[in-house]
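Enquirer: This is the structure I have questions about; it appears just below.
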Amino acid sequence: MNESKSNWKQIAPDEIRLFGRKVIYADYNEEDMNEETIAKILTDVFPIHLDNVAQIDYLEKYYKGYQPIIGKKKEVRPTINNTVVENNAYFVTEFKKSYVFGEPIQYVQRGEIANDEVSVLNSYMLEIEKYPKDMELAESMYISGIGHRIVLPSNDNESPFNIENLDSKMTFVVYSSFLPHKKLFACTYTIGVKDNMLRGSIYTKTGYYKINKENLASTFEVTFVKPHILGRIPILEYNLNKSRLGIIEIVMDIFNQINRITSNEMDGLEQYVQSLLVFVNQDIDPEDFKDLLDLGAVKIATSDPSRPADIKLLSNNIDHLNTKTLHDRLLNNALTIIGIPKNNEKSTGGDTGQARMIGEGWTMADERAKQDEMQFKRCANPELELILRICKLTPRSEINTLTVKQVEQKFTRNKSDNFLVKSQGMMNQIKSGIAPDVAMASSGLYSDTNEVYNKSMEFYGGVDKWIQLFFGEANKQLNDNKNANKDYSEQE
């Protein structure tokens, strides 16, 4: 047990700083891709990919709790050396993942065309379990700043396509260094357990290739397998931001200091309990000291009255209040930097719901979440375009005319928050002549406004009857309010 712990400390990670993953470029165009040029590009760019792999591996281990504090060394009283991992990296990643991607991403219609096909698209996504896969992809993005997935035709289920997430440590995309930086090819590979050989697949816009590499010193062997009709590279690369920074590395220095503070505080507590005994003007041999420990008492005598004998405890207790203040300050700074509400924070500006949300940081968290949504949609548009293309190429598909510009991705968070205000705002818009579907979409009450609108019209028997019933009731309520105010004024 002790030997295992010692070995674990020996391999503890170093305390390093990371600044995002590198984009891989090559001085070629799409039409230059063939077996020879791909082999040359792989030789040039693979070291860049391996550098990204090392960083991703470090961040993934940090997320799991494998952090530098594990290797903490203590020169004075080394037997008291507590290593406490306060895994805030796991906390912030899980919060972001659940807050932004906790509810399924819905595809809703833009305009009034192809309503049925949007519903079919949502049913396809449900069948292939895209929503939990989005959560997994979001986890990779928040940890390492990037994520990868592949979309290919499928004959195994009712959906004409399938989506799978790929390991970013074994997947990369190469872009052209010439504007507008189009994708040249994407590669995903595995390394054999027995022979340690690299085997992988490469997709260009029109072709599918196989690659092999025996060891680090050997060259890449690229073999053309067959063309494909997708017209797109089926491996998609997602990034959390322009710099491809994960949220952990942004505040990693602060998390390391928090671990150090907590570990040192535990050392101080244990050292206070195990305080050293100091014998003043008194000699004591080891046997007497052992008796002291066993009996819990000691007898001392003074041979020189001018030098009285004494025994004292050498201890210095840590001020835990000041330590907690520093700990909370660092943690709150980290949460503010990455846009997470603070726990147990008093609200400012009053006790209203909106003031409480601002004071506790929920408004800031929502704005940061909108940024993540926007970047995810930007990366997901090529994926959606490829999915619709596969559907149109598959005869059994029920999607034949739907285009990307007719579909919008909707993220769902807490729709019950400020429910009364949102519903009142929607009703005021409808009373003012705004189209019901537009009012529903702007209110933020529903994730799939198209489905809610269609079901509402079906329930009331059409738009005309719905408007007649709704506005008739609204006018009746308005007249009742006016009459009530008139009676009240007459009584006054």
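Naming works like this for the structure tokens: A, B, ... for the chains as they're shown, residue 1 at the start of each chain, ligands 1 onward in shown order.
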Cys391 (chain A): which residues within 9 Å, counting only C-alpha atoms, same-chain residues fewer than 6 positions away excluded, as a PDB file with N, CA and C atoms, in the first residue's frame?

Expert:
```pdb
ATOM      1  N   PRO A 153     -23.648   7.368 -43.391  1.00  0.00           N
ATOM      2  CA  PRO A 153     -24.911   6.683 -43.690  1.00  0.00           C
ATOM      3  C   PRO A 153     -25.033   5.393 -42.883  1.00  0.00           C
ATOM      4  N   SER A 159     -33.270   5.450 -38.926  1.00  0.00           N
ATOM      5  CA  SER A 159     -32.574   6.672 -39.313  1.00  0.00           C
ATOM      6  C   SER A 159     -31.572   6.366 -40.422  1.00  0.00           C
ATOM      7  N   PRO A 160     -31.530   7.178 -41.488  1.00  0.00           N
ATOM      8  CA  PRO A 160     -30.606   6.902 -42.594  1.00  0.00           C
ATOM      9  C   PRO A 160     -29.159   7.278 -42.294  1.00  0.00           C
ATOM     10  N   PHE A 161     -28.887   7.804 -41.107  1.00  0.00           N
ATOM     11  CA  PHE A 161     -27.532   8.213 -40.759  1.00  0.00           C
ATOM     12  C   PHE A 161     -27.246   7.819 -39.317  1.00  0.00           C
ATOM     13  N   SER A 397     -35.586   7.493 -46.806  1.00  0.00           N
ATOM     14  CA  SER A 397     -35.683   8.636 -45.898  1.00  0.00           C
ATOM     15  C   SER A 397     -36.978   9.412 -46.120  1.00  0.00           C
ATOM     16  N   GLU A 398     -37.514   9.965 -45.050  1.00  0.00           N
ATOM     17  CA  GLU A 398     -38.721  10.795 -45.129  1.00  0.00           C
ATOM     18  C   GLU A 398     -38.385  12.272 -45.236  1.00  0.00           C
ATOM     19  N   ILE A 399     -37.111  12.607 -45.320  1.00  0.00           N
ATOM     20  CA  ILE A 399     -36.688  14.000 -45.492  1.00  0.00           C
ATOM     21  C   ILE A 399     -36.163  14.154 -46.912  1.00  0.00           C
ATOM     22  N   ASN A 400     -36.837  14.999 -47.703  1.00  0.00           N
ATOM     23  CA  ASN A 400     -36.478  15.149 -49.110  1.00  0.00           C
ATOM     24  C   ASN A 400     -36.229  16.584 -49.540  1.00  0.00           C
TER      25      ASN A 400
END
```

Enquirer: Set the distance at 12 Å and use only C-alpha atoms: which residues neighbour Lys213 (chain A) once local chain neighbours fewer than 5 positions away are removed? I'd like the list as a list in words.

Expert: Ala39, Leu42, Thr43, Phe46, Tyr189, Thr190, Ile191, Gly192, Asp195, Asn196, Met197, Leu198, Arg199, Gly200, Ser201, Ser218, Thr219, Phe220, Glu221, Val222 and Thr223 of chain A

Enquirer: Pick out the closest residue to Lys370 (chain A) from this set: A:Gln67, A:Asn259, A:Asn52, A:Thr412. Count only C-alpha atoms.

Expert: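 Going through A:Gln67, A:Asn259, A:Asn52, A:Thr412 one by one, the smallest distance to Lys370 (chain A) is for A:Thr412.
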
Enquirer: Just give me the gap between CA of Glu373 (chain A) and CA of Ile48 (chain A) in Å, one decimal is fine.

Expert: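 Those two atoms sit 28.4 Å apart.
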
Enquirer: Leaving out region 378-380 of chain A and any residue of its chain fewer than 6 positions from it, which residues lie within 12 Å of it when counting only C-alpha atoms, given as a ChimeraX atom specification?

Expert: /A:105,107,134,137,141,146-151,235-242,371-372,386-387,404,407-409

Enquirer: I'd like to know which of A:Lys194, A:His49, A:Arg389, A:Lys183 is closest to Thr401 (chain A), using only C-alpha atoms.

Expert: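 Under the stated criterion, the closest residue is A:Arg389.
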
Enquirer: Go through A:Glu31, A:Glu129, A:Asp253, A:Glu139 and flag the residue nearest Leu18 (chain A), using only C-alpha atoms for the distances.

Expert: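 The answer is A:Asp253, which sits nearest to Leu18 (chain A).
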
Enquirer: Considering only C-alpha atoms, can you say which of A:Val84, A:Ile41, A:Met252, A:Ile261 comes closest to Tyr58 (chain A)?

Expert: A:Met252

Enquirer: Kindly indicate which residue among A:Ile24, A:Ile247, A:Ile390, A:Ile202 lies nearest to Ile340 (chain A), using only C-alpha atoms for the distances.

Expert: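 Going through A:Ile24, A:Ile247, A:Ile390, A:Ile202 one by one, the smallest distance to Ile340 (chain A) is for A:Ile247.
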